[in-house]
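Note sheet for the following structure.
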Amino acid sequence: MKRFLFRLLLLACLLAALAAGGAWWYAHRALPLPTEPLDFTVERGYNMRQAANAIARAGVPIEPAALYWMARLSGKAQSIKAGSYEVHTGVTPWELILKLSAGDVSQGELLVVEGWTFRQMRDAVESNPNLKPDSAGLTDAELLQRIGVADAHPEGLFFPDTYLFDKQSSAIALFKRAYGAMQEHLQKVWAERDPTLPLASPYQALILASIIEKETGRPEDRGLVASVFVNRLKVGMRLQTDPTVIYGLGSDFDGRLRKRQLETDHPWNTYTRIGLPPTPIAMPGRDSLLAAVRPPQTDLYYFVSRGDGSSEFSRNLDDHNRAVNRYQRGGRGN
């Protein structure tokens, strides 16, 4: 009888060892994926059983029940995190569980370019396949309200940068991050501003920085461009900058700026109006923000493009006219 019980116990131990070995093998076997990489999303509020089913539906060759019990018996079923995940051929079921419990989500990337308008940024955000399009269909005013912004006009309020985000996260959340980043940069540079600056608020600095951004062909010219505009503001000269006129024209601009358009008054026409336009005209980067609040001290009041991205700067109108004649009229005239 004792020998029988011993054999029975030995068999039970052997079966347990085989089961443990089989479970270990299953947990650590490499999974052949149908495509690589393979993405799946664990929605907010999913439990482990729902997550396992979502993983299988995405094409990962696992048995959902086995993955569920593996996570539950290991104590990790309660710690899974929502998000989008990316896996490659060779991933094991155990590595899947570790990914879920660690929240090792995959990330998307969006580049917001310095000098873009808000419309260009919005198009890029809402066409990104890795962001939930929860801002689509909202007016600009409604979008600003959703992110808690009191301003009526969105232009210039968002910082141009490369943004990383969890795949399938909110587009509205990304707008909110970009707005917060611009506010942080703007308040920091405003605190470091030149005390003689002819600007009354951080928003005016943002407007000027957006003009500098659009008028700068080469980074080394940015400070001098800023000094020209600041000098003009100080003495009450019109800024006379084409990008503001073009911005005010909107969809009516066909790529060529005509004399009659420079002479037609509207709020952004700095040829017909003294001072800054009512809003920014683009999203300035940090260097343009700094140039706007701390321009170099110069006696420059004019500049013209040389045609190679650089600018020729002048102190007076006679020198400026000679530069225009040289670089834009091919030396024709007096």
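Lettering and numbering for the structure tokens are positional, with chains as A, B, ... in the shown order, residues counted from 1 in each chain, and ligands counted from 1 in the shown order.
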**Asked** Could you pull the residues within 10 Å of range 163-165 of chain A, counting only C-alpha atoms, minus those fewer than 3 positions along the same chain, as a PyMOL selection string?
**Response** chain A and resi 105-112+130-131+160+168-171+173-174+177-178
**DSSP-assigned helix (DSSP H, G or I) members of range 84-151 of chain A, reported as JSON, numbers by chain** = {"A": [93, 94, 95, 96, 97, 98, 99, 100, 101, 102, 118, 119, 120, 121, 122, 123, 124, 125, 126, 140, 141, 142, 143, 144, 145, 146]}
**Asked** Could you name the residues that touch Ala191 in chain A at 12 Å or less, counting only C-alpha atoms, but leaving out those on the same chain fewer than 2 positions away, as a PyMOL selection string?
**Response** chain A and resi 184-189+193-195+201-202+205+289-290+293-294
Could you turn the residues from that selection into a file that holds C-alpha atoms, as an mmCIF file, in the first residue's frame?
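Heads up, here's the output in part25.cif:
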data_model
loop_
_atom_site.group_PDB
_atom_site.id
_atom_site.type_symbol
_atom_site.label_atom_id
_atom_site.label_comp_id
_atom_site.auth_asym_id
_atom_site.auth_seq_id
_atom_site.Cartn_x
_atom_site.Cartn_y
_atom_site.Cartn_z
ATOM 1 C CA GLU A 184 5.994 78.212 -21.026
ATOM 2 C CA HIS A 185 8.496 79.466 -23.621
ATOM 3 C CA LEU A 186 6.718 82.785 -24.070
ATOM 4 C CA GLN A 187 6.548 83.595 -20.361
ATOM 5 C CA LYS A 188 10.202 82.669 -19.931
ATOM 6 C CA VAL A 189 11.476 84.917 -22.739
ATOM 7 C CA ARG A 193 12.959 91.024 -22.326
ATOM 8 C CA ASP A 194 14.821 94.236 -23.025
ATOM 9 C CA PRO A 195 13.176 96.890 -20.786
ATOM 10 C CA SER A 201 2.465 92.262 -23.473
ATOM 11 C CA PRO A 202 3.709 88.728 -24.096
ATOM 12 C CA ALA A 205 5.939 89.664 -28.403
ATOM 13 C CA LEU A 289 10.783 84.483 -29.570
ATOM 14 C CA LEU A 290 14.175 85.397 -28.126
ATOM 15 C CA VAL A 293 12.317 90.355 -26.897
ATOM 16 C CA ARG A 294 16.094 90.836 -27.000
#
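The smallest atom-to-atom distance between Trp190 in chain A and any of A:Val60, A:Phe229, A:Ala291, A:Gln328, using only C-alpha atoms, is found for A:Ala291.
Going from CA of Val324 in chain A over to CA of Ser310 in chain A, you cover 13.4 Å.
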Running DSSP on the backbone, which parts of range 96-294 of chain A land in strand (DSSP E or B), as a short mmCIF file (atom, residue, chain, number, x, y, z; two decimals) with N, CA and C atoms, in the first residue's frame?
data_model
loop_
_atom_site.label_atom_id
_atom_site.label_comp_id
_atom_site.auth_asym_id
_atom_site.auth_seq_id
_atom_site.Cartn_x
_atom_site.Cartn_y
_atom_site.Cartn_z
N GLN A 107 4.91 54.49 -29.40
CA GLN A 107 4.74 55.93 -29.52
C GLN A 107 4.65 56.37 -30.98
N GLY A 108 3.81 57.35 -31.21
CA GLY A 108 3.77 58.02 -32.49
C GLY A 108 4.58 59.30 -32.42
N GLU A 109 4.78 59.93 -33.56
CA GLU A 109 5.59 61.15 -33.62
C GLU A 109 4.94 62.14 -34.58
N LEU A 110 4.94 63.41 -34.19
CA LEU A 110 4.40 64.45 -35.04
C LEU A 110 5.34 65.65 -35.03
N LEU A 111 5.76 66.08 -36.20
CA LEU A 111 6.61 67.26 -36.33
C LEU A 111 5.75 68.46 -36.66
N LEU A 131 -3.29 59.26 -34.01
CA LEU A 131 -4.00 60.08 -33.03
C LEU A 131 -5.50 59.89 -33.21
N LYS A 132 -6.22 59.83 -32.09
CA LYS A 132 -7.67 59.77 -32.17
C LYS A 132 -8.18 61.12 -32.69
N THR A 162 8.86 68.64 -32.14
CA THR A 162 8.56 67.24 -32.44
C THR A 162 7.88 66.65 -31.21
N TYR A 163 6.67 66.18 -31.37
CA TYR A 163 5.89 65.66 -30.25
C TYR A 163 5.79 64.13 -30.34
N LEU A 164 6.16 63.47 -29.26
CA LEU A 164 5.98 62.03 -29.13
C LEU A 164 4.73 61.78 -28.30
N PHE A 165 3.98 60.75 -28.66
CA PHE A 165 2.74 60.48 -27.95
C PHE A 165 2.41 58.99 -28.04
N ASP A 166 1.63 58.52 -27.09
CA ASP A 166 1.16 57.14 -27.14
C ASP A 166 0.19 57.01 -28.31
N SER A 169 -3.70 58.07 -28.76
CA SER A 169 -4.05 59.05 -27.74
C SER A 169 -4.79 60.21 -28.38
N SER A 170 -5.23 61.14 -27.58
CA SER A 170 -6.14 62.19 -28.02
C SER A 170 -5.44 63.31 -28.80
#
**Request:** Please measure the separation of CA of Met70 in chain A and CA of Pro93 in chain A, giving the value in Å to one decimal.
**Result:** 8.7 Å
**Request:** For Val225 in chain A, please output as a ChimeraX atom specification all residues within 10 Å (counting only C-alpha atoms; exclusion window: fewer than 6 positions along the same chain).
**Result:** /A:211-213,215-217,288,291-292,295-296,300-303,311,313
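The interatomic distance for the pair CA of Met182 in chain A and CA of Arg222 in chain A works out to 19.3 Å.
Closest approach to Ala124 in chain A among A:Ser74, A:Phe175, A:Tyr271, A:Ile246 is made by A:Phe175 (distances from only C-alpha atoms).
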